[in-house]
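These notes are about the structure you will find just below.
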Amino acid sequence: MNQTIKNEIAKKILQAKNVAIVSHLRPDGDSIYTSLALTEMLELLGKKVQVVSHDPLPFPLCDFPETKRIRIGDVEPKGVDLVILLECADVSRSGQTKINHLPKINIDHHYSNSPYAELNWIDPAASAVGEMVFELAEPLGISLTPRMAEYLYAAIFSDTGSFQFSNTTGKALYTCYRLVEAGADPYKVAEKLTANNTPAKIRLLARVLNSLRINEKGDIAILSMFKKDLQETGLKEVEVEDVTTIARSIKGVRMVIFFKEMDQDVFRVSLRSRGTANSALVAEYFGGGGHKHAAGFTVNGPYERLIEEIPRKIEQLLSTTINNYSYT
């Protein structure tokens, strides 16, 4: 089945002349670097490509020279004959409002995706969307350049948590081996993505860690970050999900709940888990989605109420059989 859809996608791309590549709201390293790699793959084929993110890129990715070519805002639809959406459960997840009438390809490695495009390739077994796009090179007739390989390696490195998360499969590692063979530099990628923190970000992480709460059973860790924390540390758009990795390392913790204030009484809740604790199913309960060990959702209400109600409900969910079911 996968080979068929890959061939169909390659055929559709080869027929197109003017392509837009978009990723999800609040883009991450996987979607950012995969979109850059795919852009260069298509340009190698002679396509006109615009690569667009509705939301600003997080720090430090926004400061890297290669990411400057990602335009922030809306797709310019005039002349576009194909849109490729990366990691978007539906069109609204891209934030784009001018592409509904255009032919679409949907590529995603989250199982919580409702097929909405002319061609839908959804592979929850893939470690990252970068792993999937790597597999398009052959049907497209492309030999990856070292820079394309490095972008795709960075995408997988990012989404596997530097190869620490449970989506670090044998296939993911074999794909990275192939990418290194094609010219990716593992040391360079690791240095770039893990050793670019600023003093301001470390101070922000300290604030977030200072908010740490542990439930009575000791299996849930709760963290919080407010808009004032960003303002008072002089930061705007910054990726702080690495703080959940620290909290998840606490002995006995099965799930980390990370509240991030987006607006007054609006919080984005990130879930990170391990073992049988299924973040995706918990997130779905609250109207969100994601992977078994990394998911999220949005809630509305006063923080004082949410910080009590949400962890209590999640503790109830973790005590049922809901999280013993894993998607493959």
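Chain labels A, B, ... are given in the sequence in which chains occur in the structure tokens; within each chain residues are numbered consecutively from 1, and ligands are likewise numbered from 1 in the order shown.
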
So that I can see what lies close to Ile314 in chain A, please list as number ranges by chain the residues with an atom at most 12 Å from it, counting only C-alpha atoms and leaving out residues fewer than 3 positions away in the same chain.
A: 215, 219-222, 254-257, 269, 271, 273, 277-286, 306-311, 317-320, 322-323

Mind listing the helix (DSSP H, G or I) residues of range 17-178 of chain A, per DSSP on the backbone, as a PyMOL selection string?
chain A and resi 29-44+61-63+65-69+91-94+129-134+137-140+146-159+170-178

Tell me, as an NGL selection string, which residues lie within 10 Å of Gln15 in chain A, counting only C-alpha atoms; anything in the same chain fewer than 6 positions away does not count.
:A and (9 or 47 or 81-82)

Same residues, N, CA and C atoms, saved as a PDB file, in the first residue's frame:
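Printed below is result_37.pdb as written:
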```
ATOM      1  N   ILE A   9       1.895   9.782  -5.427  1.00  0.00           N
ATOM      2  CA  ILE A   9       2.325  11.122  -5.019  1.00  0.00           C
ATOM      3  C   ILE A   9       3.436  11.626  -5.932  1.00  0.00           C
ATOM      4  N   LYS A  47      10.603  22.499 -10.550  1.00  0.00           N
ATOM      5  CA  LYS A  47       9.336  23.059 -10.107  1.00  0.00           C
ATOM      6  C   LYS A  47       9.539  24.443  -9.490  1.00  0.00           C
ATOM      7  N   ASP A  81      -0.595  24.919  -8.671  1.00  0.00           N
ATOM      8  CA  ASP A  81      -1.398  23.780  -9.141  1.00  0.00           C
ATOM      9  C   ASP A  81      -1.292  22.567  -8.225  1.00  0.00           C
ATOM     10  N   LEU A  82      -0.587  22.719  -7.085  1.00  0.00           N
ATOM     11  CA  LEU A  82      -0.509  21.631  -6.113  1.00  0.00           C
ATOM     12  C   LEU A  82      -0.039  22.185  -4.766  1.00  0.00           C
TER      13      LEU A  82
END
```

Residues within 7 Å of range 146-156 of chain A, only C-alpha atoms, excluding chain neighbours under 3 positions, as a list in words:
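Here the qualifying residues turn out to be Gly29, Asp30, Tyr33, Thr34, Leu36, Ala37, Glu40, Ser127, Ala128, Gly130, Glu131, Phe134, Asp159, Thr160, Cys176, Leu179, Ala182, Gly183, Ala184, Asp185 and Val189 of chain A.
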
Emit the selected residues as a tab-separated table (two decimals), in the first residue's frame, including N, CA and C atoms.
```tsv
chain	number	residue	atom	x	y	z
A	29	GLY	N	10.77	21.16	14.45
A	29	GLY	CA	11.95	20.83	13.67
A	29	GLY	C	11.66	19.85	12.54
A	30	ASP	N	10.79	18.89	12.78
A	30	ASP	CA	10.44	17.91	11.75
A	30	ASP	C	9.78	18.58	10.55
A	33	TYR	N	12.32	21.25	8.77
A	33	TYR	CA	13.41	20.72	7.96
A	33	TYR	C	12.92	19.81	6.83
A	34	THR	N	11.79	19.15	7.04
A	34	THR	CA	11.23	18.35	5.95
A	34	THR	C	10.76	19.25	4.83
A	36	LEU	N	11.94	22.13	4.03
A	36	LEU	CA	13.12	22.64	3.32
A	36	LEU	C	13.71	21.59	2.38
A	37	ALA	N	13.78	20.34	2.87
A	37	ALA	CA	14.31	19.27	2.03
A	37	ALA	C	13.41	19.05	0.82
A	40	GLU	N	13.81	21.70	-1.88
A	40	GLU	CA	14.99	21.54	-2.74
A	40	GLU	C	14.84	20.33	-3.67
A	127	SER	N	8.76	7.46	12.03
A	127	SER	CA	9.26	8.25	13.17
A	127	SER	C	9.01	9.73	12.99
A	128	ALA	N	9.00	10.18	11.74
A	128	ALA	CA	8.89	11.61	11.44
A	128	ALA	C	8.41	11.74	10.00
A	130	GLY	N	9.85	13.54	8.02
A	130	GLY	CA	11.12	13.53	7.28
A	130	GLY	C	11.48	12.14	6.80
A	131	GLU	N	11.18	11.12	7.59
A	131	GLU	CA	11.43	9.74	7.18
A	131	GLU	C	10.58	9.38	5.97
A	134	PHE	N	11.88	11.16	2.76
A	134	PHE	CA	13.07	10.46	2.27
A	134	PHE	C	12.68	9.36	1.28
A	159	ASP	N	12.41	15.01	15.76
A	159	ASP	CA	11.15	14.41	16.18
A	159	ASP	C	11.32	13.16	17.03
A	160	THR	N	12.52	12.59	17.04
A	160	THR	CA	12.78	11.44	17.92
A	160	THR	C	13.41	11.89	19.24
A	176	CYS	N	18.45	7.15	8.83
A	176	CYS	CA	19.50	8.11	9.17
A	176	CYS	C	20.87	7.63	8.68
A	179	LEU	N	20.99	8.55	5.19
A	179	LEU	CA	21.16	10.00	5.04
A	179	LEU	C	22.60	10.41	5.31
A	182	ALA	N	24.54	9.74	2.44
A	182	ALA	CA	24.27	10.73	1.38
A	182	ALA	C	24.89	12.09	1.70
A	183	GLY	N	25.51	12.22	2.88
A	183	GLY	CA	26.23	13.47	3.17
A	183	GLY	C	25.83	14.21	4.42
A	184	ALA	N	24.81	13.73	5.16
A	184	ALA	CA	24.43	14.40	6.41
A	184	ALA	C	25.54	14.25	7.45
A	185	ASP	N	25.73	15.28	8.25
A	185	ASP	CA	26.77	15.29	9.28
A	185	ASP	C	26.08	15.21	10.65
A	189	VAL	N	24.51	18.41	12.99
A	189	VAL	CA	23.08	18.52	13.29
A	189	VAL	C	22.85	18.56	14.80
```

Run DSSP on the backbone and grab whatever in range 56-251 of chain A lands in strand (DSSP E or B); send it over as a PyMOL selection string.
chain A and resi 59+71-72+82-86+104-108+119-122+213-214+220-225+238

Quick one: residues within 9 Å of Lys6 in chain A, only C-alpha atoms, excluding same-chain residues fewer than 2 positions away - as a list in words?
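In the requested form, the answer reads Met1, Asn2, Gln3, Thr4, Glu8, Ile9, Ala10, Lys11, Trp121, Glu135, Leu136 and Pro139 of chain A.
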
For the selection just defined, write its residues with N, CA and C atoms to a file, as a JSON list (two decimals), in the first residue's frame.
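Okay, out_12.json is ready:
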```json
[["chain", "number", "residue", "atom", "x", "y", "z"],
["A", 1, "MET", "N", 0.83, -1.21, 0.00],
["A", 1, "MET", "CA", 0.00, 0.00, 0.00],
["A", 1, "MET", "C", 0.86, 1.26, 0.00],
["A", 2, "ASN", "N", 1.90, 1.29, 0.87],
["A", 2, "ASN", "CA", 2.76, 2.45, 0.95],
["A", 2, "ASN", "C", 3.45, 2.76, -0.37],
["A", 3, "GLN", "N", 3.91, 1.69, -1.06],
["A", 3, "GLN", "CA", 4.60, 1.92, -2.32],
["A", 3, "GLN", "C", 3.66, 2.49, -3.37],
["A", 4, "THR", "N", 2.42, 2.04, -3.36],
["A", 4, "THR", "CA", 1.43, 2.55, -4.31],
["A", 4, "THR", "C", 1.19, 4.04, -4.10],
["A", 8, "GLU", "N", 1.98, 7.23, -6.54],
["A", 8, "GLU", "CA", 0.92, 8.16, -6.94],
["A", 8, "GLU", "C", 1.30, 9.60, -6.61],
["A", 9, "ILE", "N", 1.89, 9.78, -5.43],
["A", 9, "ILE", "CA", 2.33, 11.12, -5.02],
["A", 9, "ILE", "C", 3.44, 11.63, -5.93],
["A", 10, "ALA", "N", 4.40, 10.75, -6.23],
["A", 10, "ALA", "CA", 5.49, 11.14, -7.13],
["A", 10, "ALA", "C", 4.95, 11.54, -8.50],
["A", 11, "LYS", "N", 3.99, 10.79, -8.99],
["A", 11, "LYS", "CA", 3.39, 11.10, -10.31],
["A", 11, "LYS", "C", 2.71, 12.46, -10.27],
["A", 121, "TRP", "N", -1.23, 10.24, 2.37],
["A", 121, "TRP", "CA", -0.24, 9.24, 2.83],
["A", 121, "TRP", "C", -0.07, 9.44, 4.33],
["A", 135, "GLU", "N", 11.57, 8.69, 1.56],
["A", 135, "GLU", "CA", 11.13, 7.58, 0.72],
["A", 135, "GLU", "C", 10.54, 8.05, -0.61],
["A", 136, "LEU", "N", 10.34, 9.35, -0.78],
["A", 136, "LEU", "CA", 9.85, 9.87, -2.06],
["A", 136, "LEU", "C", 10.98, 10.09, -3.07],
["A", 139, "PRO", "N", 10.98, 7.21, -6.02],
["A", 139, "PRO", "CA", 9.97, 7.33, -7.07],
["A", 139, "PRO", "C", 10.03, 8.65, -7.82]]
```

Which of these, A:Leu85, A:Ile214, A:Val266, A:Leu61, has the shortest distance to Asn300 in chain A once you count only C-alpha atoms?
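When distances to Asn300 in chain A are compared using only C-alpha atoms, the smallest one comes from A:Val266.
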
Residues within 6 Å of range 112-115 of chain A, please, as a ChimeraX atom specification. Count only C-alpha atoms; anything in the same chain fewer than 2 positions from it doesn't count.
/A:89,110,120,289

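In terms of minimum interatomic distance to Glu43 in chain A, A:Leu140 ranks closest within A:Ile105, A:Leu140, A:Leu119, A:Ala294, counting only C-alpha atoms.
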
Closest atom pairs, residues of range 116-228 of chain A within 9 Å of range 238-242 of chain A, only C-alpha atoms, as JSON lines:
```
{"residue": "A:Gly161", "atom": "CA", "partner": "A:Asp242", "partner_atom": "CA", "distance": 8.3}
{"residue": "A:Lys201", "atom": "CA", "partner": "A:Val238", "partner_atom": "CA", "distance": 7.8}
{"residue": "A:Leu204", "atom": "CA", "partner": "A:Val240", "partner_atom": "CA", "distance": 8.5}
{"residue": "A:Leu205", "atom": "CA", "partner": "A:Val240", "partner_atom": "CA", "distance": 7.2}
```

Could the residues in this selection be written to a file with C-alpha atoms, as a PDB file, in the first residue's frame?
```
ATOM      1  CA  GLY A 161      14.085  13.706  20.689  1.00  0.00           C
ATOM      2  CA  LYS A 201      16.079  30.440  27.358  1.00  0.00           C
ATOM      3  CA  LEU A 204      12.958  30.530  31.094  1.00  0.00           C
ATOM      4  CA  LEU A 205      13.472  26.779  31.540  1.00  0.00           C
TER       5      LEU A 205
END
```

Do you have the CA of Thr244 in chain A-CA of Ser35 in chain A distance handy?
25.4 Å

Choose the residue, out of A:Arg203, A:Arg305, A:Lys217, A:Lys251, that has the smallest atom-to-atom separation from Thr233 in chain A; count only C-alpha atoms.
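Using only C-alpha atoms, Thr233 in chain A sits closest to A:Arg203.
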
Find the residues around Pro124 in chain A up to 10 Å (only C-alpha atoms counted), leave out those fewer than 6 positions away in its own chain, and share them as a list in words.
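Once the adjacent positions are removed, what remains is Asp108, His109, His110, Tyr111, Ser112, Asn113, Asn167, Gly290, His291, Lys292, Tyr327 and Thr328 of chain A.
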
Nearest residue to Val133 in chain A from the set A:Lys17, A:Thr39, A:Asp63, A:Asn100 (distances using only C-alpha atoms):
A:Thr39

How many Å separate CA of Glu138 in chain A from CA of Ile84 in chain A?
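Separation of CA of Glu138 in chain A and CA of Ile84 in chain A: 17.9 Å.
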